file data37.tsv (TSV, C-alpha atoms)
chain	number	residue	atom	x	y	z
T	84	MET	CA	120.47	68.01	110.96
T	85	GLY	CA	118.15	70.93	110.32
T	86	PRO	CA	117.77	74.11	112.35
T	87	HIS	CA	115.96	74.21	115.65
T	88	PRO	CA	112.13	74.19	115.17
T	89	ALA	CA	111.85	77.77	116.42
T	90	VAL	CA	114.51	78.96	113.98
T	91	ALA	CA	112.88	76.99	111.16
T	92	ALA	CA	109.48	78.57	111.91
T	93	ILE	CA	110.96	82.07	111.96
T	94	ARG	CA	112.82	81.57	108.70
T	95	LEU	CA	109.80	80.06	106.96
T	96	ALA	CA	107.66	83.03	107.94
T	97	VAL	CA	110.24	85.46	106.58
T	98	ARG	CA	110.77	83.41	103.39
T	99	ARG	CA	107.05	83.55	102.62
T	100	VAL	CA	106.93	87.30	103.07
T	101	LEU	CA	110.02	87.82	100.90
T	102	HIS	CA	108.41	85.77	98.13
T	103	ASP	CA	105.37	88.07	98.37
T	104	VAL	CA	107.62	91.13	98.19
T	105	LEU	CA	109.35	89.79	95.07
T	106	THR	CA	105.97	89.17	93.43
T	107	ASP	CA	104.83	92.70	94.24
T	108	VAL	CA	108.07	94.21	92.96
T	109	ALA	CA	107.82	92.27	89.71
T	110	THR	CA	104.23	93.42	89.27
T	111	ARG	CA	105.10	97.07	89.89
T	112	ARG	CA	108.03	96.94	87.48
T	113	THR	CA	105.78	95.47	84.81
T	114	LEU	CA	103.07	98.09	85.27
T	115	THR	CA	105.32	101.10	85.90
T	116	PRO	CA	108.32	102.15	83.78
T	117	TYR	CA	111.62	102.16	85.60
T	118	PRO	CA	111.94	105.54	87.38
T	119	GLY	CA	114.52	108.13	86.36
T	120	THR	CA	116.48	107.94	83.15
T	121	PRO	CA	115.52	105.37	80.50
T	122	HIS	CA	116.72	101.93	81.54
T	123	PRO	CA	118.41	99.89	78.78
T	124	SER	CA	116.42	96.75	78.03
T	125	HIS	CA	119.48	94.55	78.45
T	126	GLU	CA	120.28	95.96	81.88
T	127	GLN	CA	118.47	94.45	84.85
T	128	PRO	CA	117.10	96.80	87.53
T	129	PRO	CA	118.88	96.58	90.89
T	130	PRO	CA	117.76	93.85	93.30
T	131	PRO	CA	115.06	95.01	95.71
T	132	LEU	CA	116.01	96.15	99.18
T	133	VAL	CA	114.12	94.96	102.27
T	134	LEU	CA	114.73	96.68	105.60
T	135	VAL	CA	114.09	95.28	109.06
T	136	ALA	CA	113.08	97.60	111.90
T	137	CYS	CA	115.17	96.37	114.82
T	138	SER	CA	115.01	97.56	118.43
T	139	GLY	CA	117.36	94.87	119.72
T	140	GLY	CA	114.52	92.97	121.39
T	141	ALA	CA	113.93	89.26	120.86
T	142	ASP	CA	111.22	89.67	118.21
T	143	SER	CA	113.15	92.05	115.98
T	144	MET	CA	116.50	90.27	116.52
T	145	ALA	CA	114.96	86.97	115.41
T	146	LEU	CA	113.47	88.78	112.43
T	147	ALA	CA	116.78	90.41	111.49
T	148	SER	CA	118.61	87.11	111.71
T	149	ALA	CA	116.06	85.36	109.51
T	150	LEU	CA	116.12	88.17	106.96
T	151	ALA	CA	119.93	88.04	106.80
T	152	PHE	CA	119.71	84.26	106.21
T	153	GLU	CA	116.88	84.18	103.67
T	154	ALA	CA	117.31	87.35	101.61
T	155	PRO	CA	120.57	86.42	99.79
T	156	LYS	CA	119.06	83.13	98.64
T	157	LEU	CA	116.31	85.07	96.87
T	158	GLY	CA	118.52	87.79	95.40
T	159	ILE	CA	117.25	90.43	97.82
T	160	ARG	CA	119.38	93.04	99.53
T	161	ALA	CA	118.78	93.17	103.29
T	162	GLY	CA	119.28	96.23	105.49
T	163	ALA	CA	118.22	97.45	108.91
T	164	VAL	CA	116.95	100.55	110.70
T	165	THR	CA	116.94	101.15	114.44
T	166	VAL	CA	115.12	104.09	115.99
T	167	ASP	CA	116.41	105.93	119.04
T	168	HIS	CA	113.42	107.54	120.76
T	169	GLY	CA	115.64	109.26	123.31
T	170	LEU	CA	113.28	108.31	126.14
T	171	GLN	CA	115.82	106.53	128.34
T	172	PRO	CA	119.33	107.34	129.57
T	173	GLY	CA	121.90	105.68	127.34
T	174	SER	CA	119.47	105.15	124.46
T	175	ASP	CA	122.14	106.34	122.03
T	176	LEU	CA	124.52	103.64	123.27
T	177	ARG	CA	121.76	101.05	122.94
T	178	ALA	CA	121.15	102.11	119.34
T	179	ALA	CA	124.89	101.85	118.62
T	180	GLU	CA	124.86	98.29	120.00
T	181	VAL	CA	121.99	97.38	117.69
T	182	VAL	CA	123.93	98.76	114.72
T	183	THR	CA	126.90	96.58	115.72
T	184	ARG	CA	124.68	93.50	115.92
T	185	MET	CA	123.08	94.22	112.55
T	186	THR	CA	126.52	94.67	111.01
T	187	ALA	CA	127.59	91.30	112.42
T	188	LEU	CA	124.58	89.72	110.70
T	189	GLY	CA	125.79	91.12	107.37
T	190	LEU	CA	122.95	93.57	106.84
T	191	ASP	CA	123.60	96.62	104.67
T	192	PRO	CA	122.63	99.46	104.64
T	193	ILE	CA	122.12	100.07	108.36
T	194	GLU	CA	120.81	103.30	109.87
T	195	SER	CA	120.32	104.56	113.41
T	196	LEU	CA	117.69	107.30	113.47
T	197	VAL	CA	117.10	109.72	116.34
T	198	VAL	CA	113.53	110.97	116.69
T	199	HIS	CA	111.76	113.54	118.83
T	200	VAL	CA	108.74	112.10	120.63
T	201	GLY	CA	105.94	114.60	121.14
T	202	ARG	CA	102.97	114.37	123.49
T	203	ASP	CA	99.95	114.06	121.20
T	204	GLY	CA	97.82	111.02	122.02
T	205	GLY	CA	99.89	109.96	125.03
T	206	PRO	CA	103.48	108.66	125.29
T	207	GLU	CA	102.90	105.33	123.55
T	208	ALA	CA	101.04	106.80	120.59
T	209	ALA	CA	103.51	109.67	120.26
T	210	ALA	CA	106.48	107.28	120.23
T	211	ARG	CA	104.76	105.11	117.64
T	212	ASP	CA	104.01	108.09	115.38
T	213	ALA	CA	107.61	109.30	115.59
T	214	ARG	CA	108.93	105.80	114.89
T	215	TYR	CA	106.79	105.23	111.81
T	216	ALA	CA	107.61	108.68	110.43
T	217	ALA	CA	111.32	107.81	110.72
T	218	LEU	CA	110.81	104.40	109.11
T	219	ASP	CA	108.83	105.94	106.25
T	220	ASP	CA	111.61	108.44	105.66
T	221	ALA	CA	114.30	105.74	105.66
T	222	ALA	CA	112.30	103.51	103.30
T	223	GLU	CA	111.84	106.36	100.83
T	224	ARG	CA	115.47	107.48	100.95
T	225	HIS	CA	116.72	103.94	100.33
T	226	ASP	CA	113.92	103.07	97.89
T	227	ALA	CA	113.13	100.00	100.00
T	228	ALA	CA	110.57	97.55	98.65
T	229	ALA	CA	109.42	96.68	102.19
T	230	VAL	CA	110.09	97.18	105.88
T	231	LEU	CA	109.70	94.12	108.10
T	232	LEU	CA	108.24	94.52	111.60
T	233	GLY	CA	108.54	91.94	114.38
T	234	HIS	CA	105.01	92.07	115.82
T	235	THR	CA	103.92	88.64	117.09
T	236	ARG	CA	100.63	86.92	117.80
T	237	ASP	CA	100.94	88.13	121.41
T	238	ASP	CA	101.23	91.72	120.22
T	239	GLN	CA	98.16	91.19	118.06
T	240	ALA	CA	96.15	89.90	121.03
T	241	GLU	CA	97.15	92.94	123.08
T	242	THR	CA	96.16	95.26	120.24
T	243	VAL	CA	92.72	93.66	119.98
T	244	LEU	CA	92.10	94.06	123.71
T	245	LEU	CA	93.23	97.68	123.62
T	246	GLY	CA	90.83	98.32	120.74
T	247	LEU	CA	88.04	96.62	122.68
T	248	ALA	CA	88.73	98.81	125.70
T	249	ARG	CA	88.54	101.96	123.57
T	250	GLY	CA	85.21	100.91	122.10
T	251	SER	CA	86.31	102.11	118.68
T	252	GLY	CA	84.47	99.51	116.63
T	253	ILE	CA	85.31	96.55	114.47
T	254	ARG	CA	88.30	98.17	112.77
T	255	SER	CA	90.05	98.47	116.15
T	256	LEU	CA	89.30	94.82	116.83
T	257	SER	CA	90.97	93.85	113.57
T	258	GLY	CA	94.36	94.61	115.11
T	259	MET	CA	97.44	94.94	112.95
T	260	ALA	CA	97.42	94.01	109.28
T	261	ALA	CA	99.99	91.61	107.88
T	262	VAL	CA	100.54	94.19	105.13
T	263	SER	CA	100.04	97.92	105.70
T	264	GLY	CA	101.41	101.35	104.91
T	265	ALA	CA	101.79	103.17	101.62
T	266	GLY	CA	102.01	100.64	98.81
T	267	GLY	CA	102.10	97.76	101.28
T	268	ARG	CA	105.42	98.97	102.70
T	269	TYR	CA	105.13	97.32	106.12
T	270	ARG	CA	105.12	93.54	106.43
T	271	ARG	CA	104.57	91.58	109.66
T	272	PRO	CA	105.75	87.99	109.15
T	273	PHE	CA	105.25	86.89	112.79
T	274	LEU	CA	101.56	87.59	113.40
T	275	HIS	CA	100.87	83.85	113.52
T	276	LEU	CA	103.89	83.09	115.76
T	277	ASP	CA	104.03	83.59	119.52
T	278	ARG	CA	106.56	85.69	121.36
T	279	GLN	CA	108.26	82.67	122.93
T	280	THR	CA	109.10	81.24	119.49
T	281	ALA	CA	111.05	84.39	118.63
T	282	ARG	CA	112.82	84.38	122.00
T	283	LYS	CA	113.69	80.69	121.64
T	284	ALA	CA	115.09	81.33	118.15
T	285	CYS	CA	117.39	83.99	119.57
T	286	MET	CA	118.51	81.76	122.41
T	287	VAL	CA	119.48	78.78	120.25
T	288	GLN	CA	121.37	81.07	117.85
T	289	SER	CA	123.12	82.86	120.74
T	290	LEU	CA	121.74	86.19	119.56
T	291	PRO	CA	122.04	88.90	122.23
T	292	VAL	CA	118.67	90.34	123.20
T	293	TRP	CA	117.76	93.62	124.89
T	294	ASP	CA	114.62	93.73	127.03
T	295	ASP	CA	113.16	97.23	126.93
T	296	PRO	CA	112.34	98.28	130.52
T	297	HIS	CA	109.30	100.14	129.18
T	298	ASN	CA	107.78	96.74	128.36
T	299	ALA	CA	107.65	95.97	132.09
T	300	ASP	CA	106.76	99.46	133.29
T	301	PRO	CA	103.20	99.55	134.72
T	302	ALA	CA	102.98	103.22	133.76
T	303	TYR	CA	102.28	102.05	130.20
T	304	THR	CA	98.87	100.62	129.31
T	305	ARG	CA	100.22	97.88	127.04
T	306	SER	CA	102.68	96.80	129.72
T	307	ARG	CA	99.90	96.44	132.30
T	308	LEU	CA	97.85	94.48	129.81
T	309	ARG	CA	100.78	92.19	128.99
T	310	HIS	CA	101.79	91.42	132.57
T	311	GLU	CA	98.47	91.67	134.38
T	312	GLY	CA	95.49	91.70	132.01
T	313	LEU	CA	96.27	88.79	129.69
T	314	PRO	CA	97.50	86.47	132.49
T	315	ALA	CA	94.29	87.23	134.41
T	316	LEU	CA	92.20	86.37	131.35
T	317	GLU	CA	94.06	83.11	130.83
T	318	LYS	CA	93.61	82.25	134.50
T	319	ALA	CA	89.88	82.90	134.28
T	320	LEU	CA	89.21	81.47	130.82
T	321	GLY	CA	92.00	78.96	130.34
T	322	LYS	CA	94.82	78.76	127.82
T	323	GLY	CA	94.18	79.76	124.24
T	324	VAL	CA	93.06	83.34	124.85
T	325	VAL	CA	95.91	84.80	122.77
T	326	GLU	CA	95.16	82.49	119.85
T	327	ALA	CA	91.44	83.27	120.05
T	328	LEU	CA	92.08	87.01	120.07
T	329	ALA	CA	94.36	86.69	117.05
T	330	ARG	CA	91.61	84.81	115.20
T	331	THR	CA	89.16	87.52	116.20
T	332	ALA	CA	91.50	90.08	114.66
T	333	GLN	CA	91.51	88.31	111.31
T	334	LEU	CA	87.74	87.76	111.26
T	335	SER	CA	87.13	91.38	112.23
T	336	ARG	CA	89.52	92.57	109.54
T	337	ASP	CA	87.67	90.59	106.87
T	338	ASP	CA	84.35	92.11	107.99
T	339	ALA	CA	85.80	95.62	108.25
T	340	ASP	CA	87.35	95.38	104.78
T	341	ALA	CA	83.98	94.33	103.30
T	342	LEU	CA	82.15	97.21	105.01
T	343	ASP	CA	84.83	99.69	103.91
T	344	ALA	CA	84.39	98.55	100.31
T	345	TRP	CA	80.61	98.91	100.60
T	346	ALA	CA	80.98	102.42	102.01
T	347	ALA	CA	83.39	103.43	99.24
T	348	GLN	CA	80.91	102.28	96.61
T	349	ALA	CA	77.95	103.95	98.32
T	350	GLU	CA	79.57	107.31	98.96
T	351	SER	CA	79.01	108.81	95.52
T	352	SER	CA	75.30	107.96	95.68
T	353	VAL	CA	74.74	110.05	98.84
T	354	ARG	CA	76.36	113.25	97.56
T	355	ASP	CA	74.53	115.98	95.68
T	356	SER	CA	75.73	117.65	92.49
T	357	GLY	CA	77.93	119.95	94.56
T	358	GLY	CA	79.58	117.07	96.40
T	359	LEU	CA	77.81	117.63	99.74
T	360	LEU	CA	76.50	114.70	101.76
T	361	GLU	CA	72.70	114.42	101.73
T	362	CYS	CA	71.34	113.50	105.16
T	363	ALA	CA	68.20	111.74	103.87
T	364	LYS	CA	70.24	109.43	101.68
T	365	LEU	CA	72.76	108.79	104.47
T	366	PHE	CA	69.88	107.95	106.83
T	367	ALA	CA	68.75	105.17	104.45
T	368	LEU	CA	72.11	103.38	104.66
T	369	PRO	CA	72.97	100.74	107.29
T	370	PRO	CA	74.62	102.46	110.29
T	371	ALA	CA	77.96	100.68	109.78
T	372	VAL	CA	78.17	101.92	106.20
T	373	ARG	CA	76.90	105.42	106.97
T	374	ARG	CA	79.38	105.96	109.80
T	375	ARG	CA	82.26	104.89	107.59
T	376	ILE	CA	81.29	107.52	105.05
T	377	VAL	CA	81.09	110.13	107.81
T	378	ARG	CA	84.46	109.12	109.21
T	379	ARG	CA	86.12	109.30	105.80
T	380	ALA	CA	84.64	112.75	105.22
T	381	ALA	CA	85.96	113.94	108.57
T	382	ILE	CA	89.46	112.66	107.80
T	383	GLU	CA	89.40	114.28	104.36
T	384	ALA	CA	88.47	117.55	106.06
T	385	GLY	CA	91.60	117.33	108.22
T	386	ALA	CA	90.65	115.34	111.31
T	387	PRO	CA	93.60	113.10	112.34
T	388	ALA	CA	92.55	109.48	111.95
T	389	GLY	CA	94.31	108.44	115.16
T	390	ALA	CA	92.42	111.02	117.21
T	391	LEU	CA	89.00	110.38	115.66
T	392	PHE	CA	87.17	107.99	117.98
T	393	ALA	CA	83.81	106.23	117.80
T	394	ARG	CA	82.22	108.80	120.12
T	395	HIS	CA	83.06	111.57	117.66
T	396	ILE	CA	81.41	109.73	114.77
T	397	GLU	CA	78.37	108.90	116.91
T	398	GLU	CA	77.88	112.59	117.69
T	399	VAL	CA	78.04	113.49	114.02
T	400	ASP	CA	75.75	110.57	113.17
T	401	ARG	CA	73.06	112.08	115.42
T	402	LEU	CA	72.98	115.08	113.08
T	403	ILE	CA	71.63	112.59	110.54
T	404	THR	CA	69.51	110.23	112.62
T	405	GLY	CA	68.39	112.43	115.52
T	406	TRP	CA	68.17	115.91	114.08
T	407	ARG	CA	66.51	118.36	116.49
T	408	GLY	CA	68.22	121.55	115.43
T	409	GLN	CA	71.39	120.91	117.45
T	410	GLY	CA	74.50	122.97	116.80
T	411	ALA	CA	77.83	122.13	115.20
T	412	ILE	CA	80.02	119.26	116.41
T	413	ASN	CA	83.69	119.99	117.05
T	414	LEU	CA	86.04	117.24	115.89
T	415	PRO	CA	89.82	116.76	116.31
T	416	GLY	CA	92.02	118.77	113.98
T	417	LYS	CA	89.77	121.86	114.27
T	418	VAL	CA	87.20	120.18	112.02
T	419	VAL	CA	83.54	121.12	112.43
T	420	ALA	CA	80.49	119.09	111.37
T	421	GLN	CA	77.05	120.65	111.07
T	422	ARG	CA	73.75	120.13	109.32
T	423	GLN	CA	72.69	122.82	106.86
T	424	GLY	CA	69.65	122.62	104.61
T	425	GLY	CA	69.48	118.84	104.74
T	426	ARG	CA	73.17	118.49	104.00
T	427	LEU	CA	75.95	117.27	106.30
T	428	VAL	CA	78.78	119.78	106.03
T	429	ILE	CA	82.17	118.76	107.43
T	430	ARG	CA	85.01	121.24	107.06
T	431	GLN	CA	87.79	123.14	108.83
T	432	GLY	CA	86.31	125.42	111.46
call {"tool": "encode", "arguments": {"input": "data37.tsv", "output": "structure tokens"}}
result
Amino acid sequence: MGPHPAVAAIRLAVRRVLHDVLTDVATRRTLTPYPGTPHPSHEQPPPPLVLVACSGGADSMALASALAFEAPKLGIRAGAVTVDHGLQPGSDLRAAEVVTRMTALGLDPIESLVVHVGRDGGPEAAARDARYAALDDAAERHDAAAVLLGHTRDDQAETVLLGLARGSGIRSLSGMAAVSGAGGRYRRPFLHLDRQTARKACMVQSLPVWDDPHNADPAYTRSRLRHEGLPALEKALGKGVVEALARTAQLSRDDADALDAWAAQAESSVRDSGGLLECAKLFALPPAVRRRIVRRAAIEAGAPAGALFARHIEEVDRLITGWRGQGAINLPGKVVAQRQGGRLVIRQG
């Protein structure tokens, strides 16, 4: 008798991602010489390491369990990282419990990382930034081939709605990518699976699960959306809203990727010999392409991508399309955009 359908679905999703990781590792090792000292041709490089980011919640516990089950069959080392944000009393004890659970699953290495959460961008964004910085650091120290994240289809739907509410354009509507980060470090195997599948997989395997109280706290935007917004949408529009939003994310991502590629190709043609952006040439481009070039220039000048919203780019765009002698535009990161002699100049103020 095979595993429960929920467990089978979870394991299949992880198996597919691990196969992709192995393919990527093999490709990199073919294209890039083995780092460090010369590696004897008869000696095989060490097996790749894949880490799982585990909070102790149902999604990440199901992911950790599946990784522990599938990785050895493919010759992959499997480890885990848990991040203690220090935002709740007893968070250090909770992190220690997660380490114990990961150890019981046979994962190695296992790390518990304590981070300091700042205030930039609000509590949710600040916690996310601190978490990813810690995961990046752990992945680099352990030379991990990938870090698995337990985001589900429900998380994707929430992300799309949050992007829609911000009005930040099609890239926000594309939600989370299945593969992201430097060199494709982050992998999200569960984006096509719902949250209940992960919870069911934990239940039938008797895996202990921790429910983060922040996920039910109405002080947090995503929590209100999860417990009030999405149920209201389903009540008004019927079942299938989550699935439809997840499909929207994929379609939007395909469109955004195509427009990004177009903008990358067009950028060199709108710069003068000194590398400055020419407003007349920018004006001739489709708005979606032009604004991508402007956004990239702002980020290169030092504007934080996470703080650069559509309204900022629209203001800068008016220097190109609605020029009436207006002054400089202040952007996040102390970046200033202004029009000078028919050129769009974006630099540190």
call {"tool": "closest_residue", "arguments": {"input": "data37.tsv", "among": "T:Arg111, T:Gln239, T:Pro88, T:Glu350", "to": "Gln333 of chain T", "atoms": "all atoms listed in the file"}}
result
T:Gln239
call {"tool": "atom_distance", "arguments": {"input": "data37.tsv", "atom1": "atom CA of Ser257 of chain T", "atom2": "atom CA of Val419 of chain T"}}
result
28.3 Å
call {"tool": "atom_distance", "arguments": {"input": "data37.tsv", "atom1": "atom CA of Arg282 of chain T", "atom2": "atom CA of Ala92 of chain T"}}
result
12.1 Å
call {"tool": "atom_distance", "arguments": {"input": "data37.tsv", "atom1": "atom CA of Leu342 of chain T", "atom2": "atom CA of Leu365 of chain T"}}
result
14.9 Å
call {"tool": "residues_near_point", "arguments": {"input": "data37.tsv", "point": "(107.9, 99.7, 102.2)", "cutoff": "6 Å", "atoms": "all atoms listed in the file", "output": "list in words"}}
result
Ala222, Ala227, Ala228, Ala229, Val230, Arg268 and Tyr269 of chain T
call {"tool": "write_last_selection", "arguments": {"input": "data37.tsv", "atoms": "C-alpha atoms", "output": "CSV table (one decimal), in the coordinates of the input"}}
result
chain,number,residue,atom,x,y,z
T,222,ALA,CA,112.3,103.5,103.3
T,227,ALA,CA,113.1,100.0,100.0
T,228,ALA,CA,110.6,97.6,98.6
T,229,ALA,CA,109.4,96.7,102.2
T,230,VAL,CA,110.1,97.2,105.9
T,268,ARG,CA,105.4,99.0,102.7
T,269,TYR,CA,105.1,97.3,106.1
call {"tool": "closest_residue", "arguments": {"input": "data37.tsv", "among": "T:Ala210, T:Leu276, T:Val198, T:Ile193", "to": "Asp175 of chain T", "atoms": "all atoms listed in the file"}}
result
T:Val198
call {"tool": "axis_aligned_box", "arguments": {"input": "data37.tsv", "around": "segment 148-159 of chain T", "padding_each_side": "5 Å", "output": "JSON"}}
result
{"center_x": 118.3, "center_y": 86.8, "center_z": 103.6, "size_x": 14.5, "size_y": 17.3, "size_z": 26.3}
call {"tool": "residues_around", "arguments": {"input": "data37.tsv", "residues": "Val104 of chain T", "least_positions_apart": "3", "cutoff": "9 Å", "atoms": "all atoms listed in the file", "output": "ChimeraX atom specification"}}
result
/T:99-101,107-109,131,133,228-229,270
call {"tool": "write_last_selection", "arguments": {"input": "data37.tsv", "atoms": "C-alpha atoms", "output": "compact mmCIF listing (two decimals), in the coordinates of the input"}}
result
# COMPACT_ATOMS: atom_id res chain seq x y z
CA ARG T 99 107.05 83.55 102.62
CA VAL T 100 106.93 87.30 103.07
CA LEU T 101 110.02 87.82 100.90
CA ASP T 107 104.83 92.70 94.24
CA VAL T 108 108.07 94.21 92.96
CA ALA T 109 107.82 92.27 89.71
CA PRO T 131 115.06 95.01 95.71
CA VAL T 133 114.12 94.96 102.27
CA ALA T 228 110.57 97.55 98.65
CA ALA T 229 109.42 96.68 102.19
CA ARG T 270 105.12 93.54 106.43
call {"tool": "residues_near_point", "arguments": {"input": "data37.tsv", "point": "(116.9, 99.5, 113.4)", "cutoff": "12 Å", "atoms": "only C-alpha atoms", "output": "ChimeraX atom specification"}}
result
/T:134-140,143-144,146-147,162-168,177-186,190-197,214-215,217-218,221-222,230-233
call {"tool": "residues_around", "arguments": {"input": "data37.tsv", "residues": "Thr304 of chain T", "least_positions_apart": "6", "cutoff": "10 Å", "atoms": "all atoms listed in the file", "output": "JSON, numbers by chain"}}
result
{"T": [207, 245, 298, 312]}
call {"tool": "write_last_selection", "arguments": {"input": "data37.tsv", "atoms": "C-alpha atoms", "output": "PDB file, in the coordinates of the input"}}
result
ATOM      1  CA  GLU T 207     102.900 105.330 123.550  1.00  0.00           C
ATOM      2  CA  LEU T 245      93.230  97.680 123.620  1.00  0.00           C
ATOM      3  CA  ASN T 298     107.780  96.740 128.360  1.00  0.00           C
ATOM      4  CA  GLY T 312      95.490  91.700 132.010  1.00  0.00           C
TER       5      GLY T 312
END
call {"tool": "closest_residue", "arguments": {"input": "data37.tsv", "among": "T:Arg278, T:Arg375, T:His199, T:Arg330", "to": "Val243 of chain T", "atoms": "all atoms listed in the file"}}
result
T:Arg330
call {"tool": "closest_residue", "arguments": {"input": "data37.tsv", "among": "T:Ala332, T:Leu176, T:Ala281, T:Ala339", "to": "His87 of chain T", "atoms": "all atoms listed in the file"}}
result
T:Ala281
call {"tool": "closest_residue", "arguments": {"input": "data37.tsv", "among": "T:Gly389, T:Pro314, T:Pro296, T:Gly321", "to": "Ala209 of chain T", "atoms": "all atoms listed in the file"}}
result
T:Gly389
